[in-house]
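Source file: run33.txt; contents: compact mmCIF, C-alpha atoms.
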# COMPACT_ATOMS: atom_id res chain seq x y z
CA MET A 1 -19.46 5.37 3.19
CA GLU A 2 -21.24 6.24 -0.04
CA LEU A 3 -17.88 7.34 -1.39
CA LEU A 4 -16.88 3.69 -1.49
CA VAL A 5 -19.76 2.39 -3.63
CA PHE A 6 -19.22 1.05 -7.12
CA GLY A 7 -20.20 3.14 -10.13
CA LYS A 8 -20.00 6.78 -11.11
CA ASN A 9 -20.50 8.35 -7.70
CA GLY A 10 -18.20 6.16 -5.70
CA TRP A 11 -14.63 5.02 -5.77
CA GLY A 12 -15.43 1.34 -5.23
CA ASP A 13 -14.66 0.12 -8.73
CA GLU A 14 -11.51 2.24 -9.01
CA LEU A 15 -10.24 0.84 -5.73
CA PHE A 16 -11.17 -2.67 -6.78
CA PHE A 17 -9.07 -2.42 -9.94
CA ALA A 18 -6.28 -0.76 -7.97
CA THR A 19 -6.29 -3.77 -5.65
CA LEU A 20 -5.97 -6.07 -8.66
CA MET A 21 -3.08 -3.91 -9.85
CA THR A 22 -1.35 -4.24 -6.47
CA LEU A 23 -1.77 -8.01 -6.67
CA ALA A 24 -0.48 -8.08 -10.25
CA VAL A 25 2.60 -6.05 -9.37
CA ALA A 26 3.28 -8.15 -6.26
CA ILE A 27 2.98 -11.45 -8.11
CA THR A 28 5.12 -10.25 -11.03
CA ALA A 29 7.72 -8.88 -8.63
CA MET A 30 7.72 -12.16 -6.70
CA LEU A 31 8.32 -14.11 -9.93
CA ILE A 32 11.09 -11.73 -11.02
CA GLY A 33 12.51 -12.21 -7.53
CA PHE A 34 12.49 -15.99 -7.97
CA PHE A 35 14.31 -15.54 -11.25
CA PHE A 36 17.01 -13.49 -9.48
CA ALA A 37 17.16 -16.07 -6.68
CA LEU A 38 17.68 -18.75 -9.32
CA ILE A 39 20.79 -16.89 -10.50
CA PHE A 40 22.18 -15.71 -7.18
CA THR A 41 21.53 -18.68 -4.87
CA PRO A 42 24.04 -20.89 -6.74
CA LEU A 43 26.53 -18.01 -6.57
CA LYS A 44 26.08 -17.68 -2.84
CA ILE A 45 26.63 -21.36 -2.16
CA SER A 46 29.40 -21.71 -4.72
CA LYS A 47 32.92 -22.38 -3.48
CA ASN A 48 34.42 -20.00 -6.04
CA LYS A 49 35.42 -16.83 -4.17
CA ILE A 50 34.59 -14.39 -6.98
CA LEU A 51 31.14 -15.86 -7.63
CA ASN A 52 30.56 -15.90 -3.91
CA PHE A 53 31.46 -12.23 -3.67
CA ILE A 54 29.01 -11.33 -6.45
CA GLY A 55 26.21 -13.20 -4.68
CA ASN A 56 26.96 -11.60 -1.33
CA PHE A 57 27.28 -8.16 -2.89
CA TYR A 58 23.79 -8.41 -4.37
CA THR A 59 22.04 -9.52 -1.19
CA THR A 60 23.98 -7.19 1.12
CA VAL A 61 23.52 -4.05 -0.96
CA ILE A 62 19.86 -4.57 -1.79
CA ARG A 63 18.90 -5.54 1.73
CA GLY A 64 20.88 -2.66 3.25
CA VAL A 65 19.55 0.16 1.08
CA PRO A 66 16.01 1.60 1.46
CA GLU A 67 13.47 0.24 -1.00
CA LEU A 68 12.49 3.76 -1.96
CA LEU A 69 16.06 4.54 -3.05
CA VAL A 70 16.15 1.44 -5.27
CA ILE A 71 12.84 2.48 -6.81
CA TYR A 72 14.14 6.00 -7.51
CA LEU A 73 17.24 4.49 -9.11
CA PHE A 74 15.16 2.52 -11.59
CA PHE A 75 12.53 5.20 -12.01
CA PHE A 76 15.04 7.89 -12.95
CA GLY A 77 17.79 5.64 -14.24
CA GLY A 78 15.70 3.07 -16.11
CA SER A 79 14.84 5.08 -19.18
CA THR A 80 18.33 6.63 -19.30
CA ALA A 81 19.82 3.14 -19.39
CA VAL A 82 17.39 1.90 -22.03
CA MET A 83 17.98 5.00 -24.18
CA PHE A 84 21.72 4.45 -23.85
CA VAL A 85 21.36 0.92 -25.19
CA ALA A 86 18.97 2.11 -27.91
CA LYS A 87 21.51 4.73 -29.00
CA ILE A 88 24.06 2.00 -29.67
CA PHE A 89 21.55 0.46 -32.04
CA GLY A 90 20.98 3.82 -33.70
CA TYR A 91 17.72 4.96 -32.09
CA GLU A 92 17.86 8.59 -30.97
CA GLY A 93 14.36 9.30 -29.64
CA TYR A 94 13.06 9.49 -26.10
CA ILE A 95 11.94 6.23 -24.56
CA GLU A 96 9.78 6.11 -21.49
CA ILE A 97 9.46 2.82 -19.66
CA ASN A 98 6.06 1.76 -18.49
CA ALA A 99 5.49 2.38 -14.75
CA PHE A 100 4.34 -1.21 -14.25
CA ILE A 101 7.60 -2.61 -15.61
CA THR A 102 9.78 -0.20 -13.60
CA GLY A 103 7.79 -0.94 -10.45
CA ALA A 104 7.66 -4.71 -10.80
CA PHE A 105 11.31 -4.82 -11.72
CA SER A 106 12.56 -2.72 -8.82
CA ILE A 107 10.38 -4.53 -6.26
CA GLY A 108 11.41 -7.79 -7.93
CA ILE A 109 15.10 -7.10 -7.40
CA ILE A 110 14.45 -6.38 -3.72
CA SER A 111 12.24 -9.45 -3.32
CA GLY A 112 14.92 -11.51 -5.10
CA ALA A 113 17.54 -10.59 -2.50
CA TYR A 114 15.30 -11.88 0.28
CA SER A 115 14.37 -15.01 -1.69
CA THR A 116 18.05 -15.73 -2.35
CA GLU A 117 18.76 -15.64 1.37
CA VAL A 118 15.84 -17.98 2.04
CA PHE A 119 16.90 -20.53 -0.58
CA ARG A 120 20.51 -20.38 0.53
CA GLY A 121 19.45 -21.04 4.12
CA ALA A 122 17.23 -23.94 3.00
CA TYR A 123 20.00 -25.49 0.91
CA GLN A 124 22.52 -25.22 3.72
CA SER A 125 20.24 -26.80 6.30
CA ILE A 126 19.83 -29.99 4.27
CA LYS A 127 21.86 -32.70 5.97
CA ARG A 128 25.10 -33.82 4.34
CA GLY A 129 23.82 -37.38 4.52
CA GLN A 130 21.21 -36.62 1.88
CA PHE A 131 23.87 -35.57 -0.63
CA GLU A 132 26.02 -38.57 0.22
CA ALA A 133 23.11 -41.00 0.04
CA SER A 134 22.10 -39.83 -3.43
CA LYS A 135 25.73 -40.10 -4.52
CA VAL A 136 26.02 -43.62 -3.16
CA LEU A 137 22.80 -44.57 -4.97
CA GLY A 138 24.54 -43.48 -8.16
CA LEU A 139 22.01 -40.74 -8.98
CA LYS A 140 23.21 -38.31 -11.64
CA LYS A 141 23.85 -34.77 -10.41
CA ASN A 142 20.73 -33.10 -11.81
CA LEU A 143 18.51 -36.05 -10.90
CA SER A 144 19.73 -35.94 -7.32
CA PHE A 145 19.08 -32.19 -7.24
CA PHE A 146 15.53 -32.34 -8.59
CA LYS A 147 14.40 -35.52 -6.84
CA VAL A 148 16.23 -35.37 -3.53
CA ILE A 149 17.48 -31.89 -2.71
CA LEU A 150 14.85 -29.56 -4.24
CA PRO A 151 11.76 -31.12 -2.60
CA GLN A 152 13.44 -30.84 0.78
CA MET A 153 14.56 -27.30 0.03
CA LEU A 154 10.96 -26.31 -0.74
CA ARG A 155 9.74 -27.75 2.52
CA LEU A 156 12.31 -25.74 4.43
CA ALA A 157 11.93 -22.59 2.34
CA ILE A 158 8.16 -22.16 2.13
CA PRO A 159 7.54 -20.73 5.62
CA ASN A 160 10.19 -18.08 4.95
CA ILE A 161 9.01 -17.48 1.40
CA THR A 162 5.66 -16.60 2.96
CA ASN A 163 7.48 -13.83 4.83
CA VAL A 164 9.10 -12.65 1.59
CA TRP A 165 5.64 -12.49 0.00
CA GLN A 166 4.40 -10.32 2.87
CA ILE A 167 7.36 -7.97 2.47
CA THR A 168 6.91 -7.82 -1.30
CA LEU A 169 3.18 -7.14 -1.03
CA LYS A 170 3.79 -4.27 1.37
CA ASP A 171 6.67 -2.90 -0.72
CA THR A 172 4.33 -2.44 -3.69
CA ALA A 173 2.82 0.50 -1.80
CA LEU A 174 6.09 2.35 -2.41
CA ILE A 175 5.83 2.28 -6.19
CA SER A 176 2.89 4.65 -5.94
CA VAL A 177 5.63 7.33 -6.06
CA THR A 178 6.21 6.43 -9.72
CA GLY A 179 2.58 7.13 -10.57
CA LEU A 180 1.40 3.55 -11.08
CA VAL A 181 -2.25 3.41 -10.04
CA GLU A 182 -2.29 0.74 -7.34
CA ILE A 183 -4.04 0.88 -3.96
CA MET A 184 -1.92 3.69 -2.50
CA ARG A 185 -1.97 5.86 -5.60
CA GLN A 186 -5.70 5.40 -6.13
CA SER A 187 -6.39 6.28 -2.49
CA HIS A 188 -4.18 9.34 -2.89
CA ILE A 189 -6.19 10.44 -5.94
CA ALA A 190 -9.51 9.75 -4.23
CA ALA A 191 -8.39 11.48 -1.03
CA GLY A 192 -7.30 14.51 -3.02
CA SER A 193 -10.50 14.93 -4.97
CA THR A 194 -12.94 14.22 -2.12
CA ARG A 195 -10.86 15.84 0.64
CA ASP A 196 -11.42 12.77 2.75
CA PRO A 197 -7.96 11.27 3.29
CA LEU A 198 -8.86 9.61 6.58
CA LEU A 199 -11.52 7.44 4.97
CA PHE A 200 -9.51 6.47 1.91
CA TYR A 201 -6.20 5.75 3.60
CA SER A 202 -7.95 3.74 6.30
CA PHE A 203 -9.76 1.83 3.60
CA ALA A 204 -6.41 1.24 1.87
CA ALA A 205 -5.10 -0.22 5.12
CA VAL A 206 -8.14 -2.52 5.25
CA LEU A 207 -7.50 -3.63 1.66
CA TYR A 208 -3.89 -4.50 2.50
CA LEU A 209 -5.05 -6.41 5.57
CA ILE A 210 -7.51 -8.37 3.45
CA LEU A 211 -4.77 -9.17 0.94
CA THR A 212 -2.31 -10.33 3.60
CA PHE A 213 -4.99 -12.31 5.44
CA PHE A 214 -6.15 -14.28 2.43
CA SER A 215 -2.72 -14.82 0.93
CA MET A 216 -1.54 -16.17 4.29
CA LYS A 217 -4.44 -18.64 4.23
CA VAL A 218 -3.42 -19.90 0.78
CA LEU A 219 0.28 -20.05 1.62
CA ASN A 220 -0.34 -21.89 4.88
CA LYS A 221 -2.18 -24.57 2.87
CA LEU A 222 0.87 -24.87 0.63
CA GLU A 223 3.04 -25.12 3.70
CA THR A 224 1.07 -28.07 5.10
CA HIS A 225 1.22 -29.68 1.67
CA TYR A 226 5.02 -29.64 1.70
CA GLN A 227 5.19 -30.56 5.37
CA ARG A 228 3.37 -33.88 4.94
CA GLY A 229 5.32 -36.77 6.32
CA HIS A 230 7.05 -34.54 8.86
CA MET B 1 29.29 12.95 -7.27
CA ILE B 2 31.66 14.57 -4.78
CA SER B 3 29.78 17.87 -4.72
CA SER B 4 26.63 16.09 -3.56
CA PHE B 5 28.40 14.52 -0.60
CA PRO B 6 28.10 17.36 1.97
CA LYS B 7 24.38 17.75 1.26
CA LEU B 8 23.78 14.04 1.65
CA LEU B 9 25.84 13.94 4.82
CA ASN B 10 23.71 16.70 6.29
CA ALA B 11 20.59 14.76 5.41
CA THR B 12 22.07 11.71 7.09
CA LEU B 13 21.74 13.56 10.39
CA VAL B 14 17.99 13.88 9.83
CA THR B 15 17.78 10.17 9.06
CA LEU B 16 19.79 9.28 12.16
CA LYS B 17 17.59 11.47 14.34
CA LEU B 18 14.43 9.87 12.96
CA VAL B 19 15.75 6.34 13.46
CA SER B 20 17.09 6.81 16.96
CA LEU B 21 14.02 8.64 18.28
CA SER B 22 11.55 6.14 16.85
CA LEU B 23 13.62 3.19 18.04
CA ILE B 24 13.82 4.57 21.58
CA PHE B 25 10.07 5.27 21.75
CA GLY B 26 9.45 1.96 20.00
CA ILE B 27 11.30 -0.07 22.62
CA PHE B 28 9.06 1.31 25.37
CA LEU B 29 5.93 0.75 23.33
CA GLY B 30 7.06 -2.73 22.30
CA THR B 31 7.89 -3.74 25.87
CA PHE B 32 4.52 -2.45 27.05
CA PHE B 33 2.60 -4.44 24.44
CA ALA B 34 4.75 -7.55 24.93
CA ILE B 35 3.87 -7.48 28.66
CA LEU B 36 0.17 -7.11 27.83
CA ARG B 37 0.45 -9.96 25.36
CA THR B 38 2.04 -12.37 27.83
CA GLY B 39 -0.22 -11.25 30.67
CA LYS B 40 -3.39 -12.87 31.96
CA ASN B 41 -6.04 -10.30 31.02
CA LYS B 42 -7.80 -11.60 27.92
CA PHE B 43 -9.00 -8.25 26.65
CA LEU B 44 -5.54 -6.64 26.88
CA LYS B 45 -4.03 -9.74 25.32
CA ASN B 46 -6.31 -9.50 22.30
CA PHE B 47 -5.80 -5.76 22.07
CA SER B 48 -2.05 -6.24 21.89
CA TYR B 49 -2.44 -9.05 19.36
CA TYR B 50 -4.58 -6.97 16.99
CA TYR B 51 -2.31 -3.95 17.38
CA SER B 52 0.67 -5.90 16.15
CA TYR B 53 -1.41 -7.70 13.49
CA VAL B 54 -2.67 -4.48 11.95
CA PHE B 55 0.66 -2.65 12.04
CA ARG B 56 2.58 -5.61 10.66
CA GLY B 57 -0.02 -6.40 8.02
CA THR B 58 -0.19 -2.98 6.38
CA PRO B 59 2.54 -0.98 4.62
CA MET B 60 4.18 1.68 6.76
CA LEU B 61 3.39 4.21 4.03
CA VAL B 62 -0.35 3.78 4.69
CA GLN B 63 0.20 4.21 8.41
CA LEU B 64 2.20 7.37 7.83
CA PHE B 65 -0.42 8.80 5.45
CA ILE B 66 -3.29 8.06 7.83
CA ILE B 67 -1.48 9.94 10.58
CA TYR B 68 -0.19 12.81 8.46
CA PHE B 69 -3.09 13.41 6.07
CA GLY B 70 -5.95 11.57 7.76
CA LEU B 71 -5.84 12.82 11.33
CA ALA B 72 -5.74 16.44 10.19
CA GLN B 73 -9.29 15.96 9.03
CA ILE B 74 -10.70 15.43 12.50
CA GLU B 75 -12.02 18.80 13.72
CA TYR B 76 -11.72 17.77 17.35
CA LEU B 77 -8.00 17.00 17.00
CA ARG B 78 -7.31 20.24 15.19
CA SER B 79 -8.60 22.28 18.07
CA SER B 80 -6.91 20.22 20.77
CA PHE B 81 -3.40 20.65 22.12
CA LEU B 82 -2.35 17.54 20.16
CA TRP B 83 -2.44 19.64 17.03
CA ILE B 84 0.86 21.26 18.00
CA ILE B 85 2.47 17.87 17.43
CA LEU B 86 0.29 16.53 14.63
CA LYS B 87 0.72 19.50 12.33
CA GLU B 88 4.44 18.84 12.08
CA PRO B 89 5.41 16.24 9.46
CA TYR B 90 8.47 15.46 11.59
CA TRP B 91 6.42 14.33 14.58
CA CYS B 92 3.87 12.55 12.39
CA ALA B 93 6.72 10.53 10.91
CA ILE B 94 8.07 9.72 14.35
CA ILE B 95 4.63 8.67 15.59
CA ALA B 96 4.10 6.39 12.57
CA PHE B 97 7.57 4.86 12.81
CA THR B 98 7.23 4.36 16.56
CA LEU B 99 3.89 2.60 16.23
CA ASN B 100 5.29 0.42 13.47
CA THR B 101 8.52 -0.57 15.17
CA GLY B 102 6.61 -0.98 18.44
CA ALA B 103 4.50 -3.69 16.80
CA TYR B 104 7.54 -5.60 15.55
CA THR B 105 9.44 -5.12 18.82
CA SER B 106 6.50 -6.41 20.84
CA GLU B 107 6.45 -9.55 18.67
CA ILE B 108 10.21 -10.07 19.15
CA LEU B 109 10.02 -9.58 22.91
CA ARG B 110 6.92 -11.73 23.25
CA SER B 111 8.62 -14.72 21.67
CA ALA B 112 11.66 -14.07 23.88
CA PHE B 113 9.47 -14.00 27.01
CA GLU B 114 7.75 -17.19 25.95
CA THR B 115 10.96 -19.12 25.39
CA ILE B 116 12.50 -18.31 28.78
CA ASP B 117 13.38 -21.51 30.58
CA LYS B 118 10.78 -22.07 33.33
CA GLY B 119 13.58 -23.15 35.67
CA TYR B 120 14.87 -19.59 36.00
CA ILE B 121 11.51 -18.28 37.13
CA GLU B 122 10.91 -21.19 39.47
CA ALA B 123 14.36 -20.70 40.96
CA GLY B 124 13.49 -17.06 41.60
CA GLN B 125 10.15 -18.01 43.16
CA SER B 126 11.67 -20.60 45.46
CA LEU B 127 14.21 -18.04 46.62
CA GLY B 128 11.26 -15.91 47.65
CA ILE B 129 11.94 -13.06 45.24
CA PRO B 130 8.84 -10.87 44.80
CA LYS B 131 6.97 -11.05 41.51
CA ASN B 132 7.92 -7.70 40.02
CA LYS B 133 11.54 -8.22 40.98
CA ILE B 134 11.50 -11.56 39.14
CA PHE B 135 10.39 -9.60 36.11
CA TYR B 136 13.04 -6.86 36.32
CA LYS B 137 15.94 -8.99 37.52
CA ILE B 138 15.35 -12.33 35.80
CA LYS B 139 12.81 -12.31 32.96
CA PHE B 140 13.63 -8.99 31.35
CA PRO B 141 17.44 -9.36 31.14
CA ILE B 142 17.13 -12.87 29.69
CA ALA B 143 14.52 -11.73 27.16
CA ILE B 144 16.72 -8.80 26.10
CA ARG B 145 19.67 -11.08 25.51
CA GLN B 146 17.49 -13.55 23.64
CA SER B 147 15.99 -10.99 21.30
CA LEU B 148 19.12 -9.07 20.35
CA PRO B 149 19.79 -10.81 17.00
CA ALA B 150 16.19 -10.31 15.85
CA TYR B 151 16.22 -6.75 17.15
CA SER B 152 19.30 -5.84 15.14
CA ASN B 153 17.32 -6.83 12.04
CA GLU B 154 14.48 -4.61 13.18
CA MET B 155 16.87 -1.70 13.68
CA ILE B 156 18.11 -2.08 10.11
CA LEU B 157 14.54 -2.34 8.80
CA MET B 158 13.71 0.89 10.64
CA LEU B 159 16.76 2.61 9.20
CA LYS B 160 15.44 1.75 5.75
CA GLY B 161 11.90 2.58 6.81
CA THR B 162 12.75 6.16 7.70
CA SER B 163 13.24 6.78 3.97
CA LEU B 164 9.43 7.07 3.84
CA ALA B 165 9.74 10.38 5.68
CA SER B 166 10.67 11.86 2.31
CA THR B 167 7.07 11.30 1.14
CA VAL B 168 5.78 13.76 3.75
CA THR B 169 8.16 16.57 2.75
CA LEU B 170 10.95 15.72 5.21
CA MET B 171 14.40 16.03 3.71
CA ASP B 172 16.09 12.91 5.00
CA LEU B 173 18.86 11.04 3.18
CA THR B 174 16.49 9.52 0.62
CA GLY B 175 14.58 12.77 0.21
CA VAL B 176 17.71 14.76 -0.55
CA ALA B 177 19.03 11.98 -2.81
CA LYS B 178 15.79 12.06 -4.79
CA PHE B 179 15.93 15.85 -5.03
CA ILE B 180 19.51 15.77 -6.36
CA ILE B 181 18.68 12.96 -8.80
CA SER B 182 15.69 14.83 -10.19
CA THR B 183 17.69 18.03 -10.70
CA THR B 184 20.96 16.58 -12.00
CA PHE B 185 19.68 13.42 -13.71
CA LYS B 186 22.57 11.41 -12.36
CA PRO B 187 20.71 8.56 -10.68
CA ILE B 188 23.55 6.06 -10.54
CA GLU B 189 26.15 8.32 -8.94
CA ILE B 190 23.76 9.58 -6.28
CA PHE B 191 22.52 6.07 -5.63
CA ILE B 192 26.09 4.93 -5.00
CA VAL B 193 26.81 7.76 -2.55
CA ALA B 194 23.49 7.58 -0.65
CA GLY B 195 23.49 3.78 -0.75
CA SER B 196 27.01 3.66 0.69
CA ILE B 197 25.97 5.91 3.55
CA TYR B 198 23.02 3.62 4.34
CA LEU B 199 25.24 0.53 4.10
CA PHE B 200 27.78 2.14 6.40
CA ILE B 201 25.13 2.83 9.05
CA THR B 202 23.83 -0.73 8.65
CA PHE B 203 27.36 -1.96 9.21
CA LEU B 204 27.70 0.18 12.34
CA ILE B 205 24.43 -1.13 13.78
CA HIS B 206 25.47 -4.69 13.04
CA THR B 207 28.88 -4.31 14.72
CA PHE B 208 27.39 -2.50 17.70
CA VAL B 209 24.81 -5.23 18.33
CA LYS B 210 27.46 -7.94 17.95
CA LEU B 211 29.52 -6.18 20.63
CA VAL B 212 26.57 -5.91 23.00
CA GLU B 213 25.72 -9.53 22.32
CA ARG B 214 29.20 -10.63 23.31
CA LYS B 215 29.05 -8.49 26.41
CA LEU B 216 25.74 -9.98 27.54
CA GLU B 217 26.67 -13.56 26.76
CA TYR B 218 26.15 -15.87 29.69
CA PRO B 219 27.96 -19.16 30.29
CA LYS B 220 25.97 -22.16 29.12
Would you write out, as structure tokens, the structure that this file holds?
Amino acid sequence: MELLVFGKNGWGDELFFATLMTLAVAITAMLIGFFFALIFTPLKISKNKILNFIGNFYTTVIRGVPELLVIYLFFFGGSTAVMFVAKIFGYEGYIEINAFITGAFSIGIISGAYSTEVFRGAYQSIKRGQFEASKVLGLKKNLSFFKVILPQMLRLAIPNITNVWQITLKDTALISVTGLVEIMRQSHIAAGSTRDPLLFYSFAAVLYLILTFFSMKVLNKLETHYQRGH
Amino acid sequence: MISSFPKLLNATLVTLKLVSLSLIFGIFLGTFFAILRTGKNKFLKNFSYYYSYVFRGTPMLVQLFIIYFGLAQIEYLRSSFLWIILKEPYWCAIIAFTLNTGAYTSEILRSAFETIDKGYIEAGQSLGIPKNKIFYKIKFPIAIRQSLPAYSNEMILMLKGTSLASTVTLMDLTGVAKFIISTTFKPIEIFIVAGSIYLFITFLIHTFVKLVERKLEYPK
């Protein structure tokens, strides 16, 4: 137990900062995911066949391929791609991308595929009458979207977005393979230097449980907020 | 790109073995815990609840590392017969995957058991069918049919989950793909080949479950 105290002799403070890092990566990835969902949800519900195909391609491929493989693609391919672009602009040196950016980006793309599916489902389960009513009332297209459709979409989407958050939070454990010091990586380091993997990995599990428990509490509050009147 | 194909195909066999074994063990474990969960004993009910809560609330990587690295630390285990199994990364992976998929499967089956129309059970009771026969002949088949769509998702999640085996030195599809990427520095090509293999298996699982679903469909 004394291995877990804060300060020089224990790993408490290291693990505390690692937990913050996990949270930071998860939140960034979630936001990047929302950004992707913002692009791909309209494609998935569009009537244009080509746009539709692009949207479906994204969600099918990302959700059908292991997360670890996606991470390796960006980990090994990321700097190659950036250097390729830099070469066009005349820069010849070696560029290494920060592990945080690679990690958040690859988890973000995965999280985005799930978010896209959630938003598409929410959009499609809004009753036709709502669209027709806002048309009849003479609301302009963007006004009807922001005032009528979006609030209802959020109500329908939030319970499933909570699931996406859980998935994203757990996926961050995988980016420890890129060397970013989050909970898993820090536990790995601590386990290696103290030769006590059982303690540190079990403690990591407890940290993840704490994170999921408290984030569920917050998200459930949000859910009741958007459920009011129903 | 083409030269890597045979190696990746070989590794696919490892992946398939890992998935099928852990899914088979997982179904038994999941059924067991779903029965405990819907049963009357409060202690067993809670036990089953916390089992699925812990395994669904933590990343599978942590579970795998606790079993592979952590358990080796316990002197008592090292000297017991269990060590024959626990020293192999292959079996550690299967144990971790089984426990994980068991938790999700128990949740899927539990909700299927809970949504069974009471009328079916009452009909069985009034016909005088004994209790355990009601379970095997009425409850279980209905629950299986009910949970197939959710279970096909779980199968696909497990297929992706087995990629974690590469972190404990097993050379599965992802492990071999990573090895080839890090030696040839051709991430995109290898990703396309390995990704296509995963997508193909996903497609097979999906079609297979759809077929079974159609076969088990009952008139409404």
Return the neighbours of chain B among the residues of chain A, cut-off 6 Å, counting only C-alpha atoms, as a tab-separated table (two decimals) with C-alpha atoms, in the coordinates of the input.
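Written output follows (iface09.tsv):
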chain	number	residue	atom	x	y	z
A	64	GLY	CA	20.88	-2.66	3.25
A	65	VAL	CA	19.55	0.16	1.08
A	66	PRO	CA	16.01	1.60	1.46
A	73	LEU	CA	17.24	4.49	-9.11
A	77	GLY	CA	17.79	5.64	-14.24
A	170	LYS	CA	3.79	-4.27	1.37
A	197	PRO	CA	-7.96	11.27	3.29
A	198	LEU	CA	-8.86	9.61	6.58
A	201	TYR	CA	-6.20	5.75	3.60
A	205	ALA	CA	-5.10	-0.22	5.12
A	208	TYR	CA	-3.89	-4.50	2.50
A	209	LEU	CA	-5.05	-6.41	5.57
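Minimum atom-to-atom distance to Ile108 (chain B), evaluated using all atoms listed in the file, belongs to B:Ala34 out of B:Leu170, B:Leu44, B:Leu13, B:Ala34.
You will find CA of Arg155 (chain A) at 14.2 Å from CA of Ser115 (chain A).
In this model, the gap between CA of Leu16 (chain B) and CA of Glu88 (chain B) comes to 18.1 Å.
Our summary of the geometry notes that CA of Gly33 (chain A) is positioned 27.5 Å from CA of Thr105 (chain B).
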- request: With only C-alpha atoms counted, which protein, DNA or RNA residues have an atom no more than 8 Å from (-8.5, 6.7, -0.4) in the file frame? Please answer as a list in words.
  value: Met184, Gln186, Ser187, His188, Ile189, Ala190, Ala191, Asp196, Pro197, Leu198, Leu199, Phe200, Tyr201, Ser202, Phe203 and Ala204 of chain A
message: Residues within 10 Å of Phe40 (chain A), please, as a list in words. Count only C-alpha atoms; anything in the same chain fewer than 2 positions from it doesn't count.
response: Phe34, Phe35, Phe36, Ala37, Leu38, Pro42, Leu43, Lys44, Ile45, Ser46, Leu51, Asn52, Ile54, Gly55, Asn56, Tyr58, Thr59, Gly112, Ala113, Ser115, Thr116, Glu117, Phe119 and Arg120 of chain A
Keeping C-alpha atoms, export the residues of the selection given above as a CSV table (one decimal), keeping the file's coordinate frame.
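See again02.csv below for the written result:
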chain,number,residue,atom,x,y,z
A,34,PHE,CA,12.5,-16.0,-8.0
A,35,PHE,CA,14.3,-15.5,-11.2
A,36,PHE,CA,17.0,-13.5,-9.5
A,37,ALA,CA,17.2,-16.1,-6.7
A,38,LEU,CA,17.7,-18.8,-9.3
A,42,PRO,CA,24.0,-20.9,-6.7
A,43,LEU,CA,26.5,-18.0,-6.6
A,44,LYS,CA,26.1,-17.7,-2.8
A,45,ILE,CA,26.6,-21.4,-2.2
A,46,SER,CA,29.4,-21.7,-4.7
A,51,LEU,CA,31.1,-15.9,-7.6
A,52,ASN,CA,30.6,-15.9,-3.9
A,54,ILE,CA,29.0,-11.3,-6.4
A,55,GLY,CA,26.2,-13.2,-4.7
A,56,ASN,CA,27.0,-11.6,-1.3
A,58,TYR,CA,23.8,-8.4,-4.4
A,59,THR,CA,22.0,-9.5,-1.2
A,112,GLY,CA,14.9,-11.5,-5.1
A,113,ALA,CA,17.5,-10.6,-2.5
A,115,SER,CA,14.4,-15.0,-1.7
A,116,THR,CA,18.0,-15.7,-2.4
A,117,GLU,CA,18.8,-15.6,1.4
A,119,PHE,CA,16.9,-20.5,-0.6
A,120,ARG,CA,20.5,-20.4,0.5
Excluding same-chain residues fewer than 5 positions from Thr162 (chain A), what lies within 12 Å of it counting all atoms listed in the file, as a PDB file with C-alpha atoms, keeping the file's coordinate frame?
ATOM      1  CA  MET A  30       7.720 -12.160  -6.700  1.00  0.00           C
ATOM      2  CA  SER A 111      12.240  -9.450  -3.320  1.00  0.00           C
ATOM      3  CA  TYR A 114      15.300 -11.880   0.280  1.00  0.00           C
ATOM      4  CA  SER A 115      14.370 -15.010  -1.690  1.00  0.00           C
ATOM      5  CA  VAL A 118      15.840 -17.980   2.040  1.00  0.00           C
ATOM      6  CA  LEU A 154      10.960 -26.310  -0.740  1.00  0.00           C
ATOM      7  CA  ARG A 155       9.740 -27.750   2.520  1.00  0.00           C
ATOM      8  CA  LEU A 156      12.310 -25.740   4.430  1.00  0.00           C
ATOM      9  CA  ALA A 157      11.930 -22.590   2.340  1.00  0.00           C
ATOM     10  CA  ILE A 167       7.360  -7.970   2.470  1.00  0.00           C
ATOM     11  CA  THR A 168       6.910  -7.820  -1.300  1.00  0.00           C
ATOM     12  CA  LEU A 169       3.180  -7.140  -1.030  1.00  0.00           C
ATOM     13  CA  THR A 212      -2.310 -10.330   3.600  1.00  0.00           C
ATOM     14  CA  PHE A 213      -4.990 -12.310   5.440  1.00  0.00           C
ATOM     15  CA  SER A 215      -2.720 -14.820   0.930  1.00  0.00           C
ATOM     16  CA  MET A 216      -1.540 -16.170   4.290  1.00  0.00           C
ATOM     17  CA  LYS A 217      -4.440 -18.640   4.230  1.00  0.00           C
ATOM     18  CA  VAL A 218      -3.420 -19.900   0.780  1.00  0.00           C
ATOM     19  CA  LEU A 219       0.280 -20.050   1.620  1.00  0.00           C
ATOM     20  CA  ASN A 220      -0.340 -21.890   4.880  1.00  0.00           C
ATOM     21  CA  LYS A 221      -2.180 -24.570   2.870  1.00  0.00           C
ATOM     22  CA  LEU A 222       0.870 -24.870   0.630  1.00  0.00           C
ATOM     23  CA  GLU A 223       3.040 -25.120   3.700  1.00  0.00           C
TER      24      GLU A 223
END
message: Residues near region 92-95 of chain A, anyone? I mean within 10 Å using only C-alpha atoms, not counting same-chain ones fewer than 3 positions away, as JSON, numbers by chain.
response: {"A": [78, 79, 80, 81, 82, 83, 84, 86, 87, 88, 89, 98]}
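The nearest approach to Cys92 (chain B) among the residues B:Ser22, B:Ser111, B:Ser152, B:Ser48, with all atoms listed in the file taken into account, belongs to B:Ser22.
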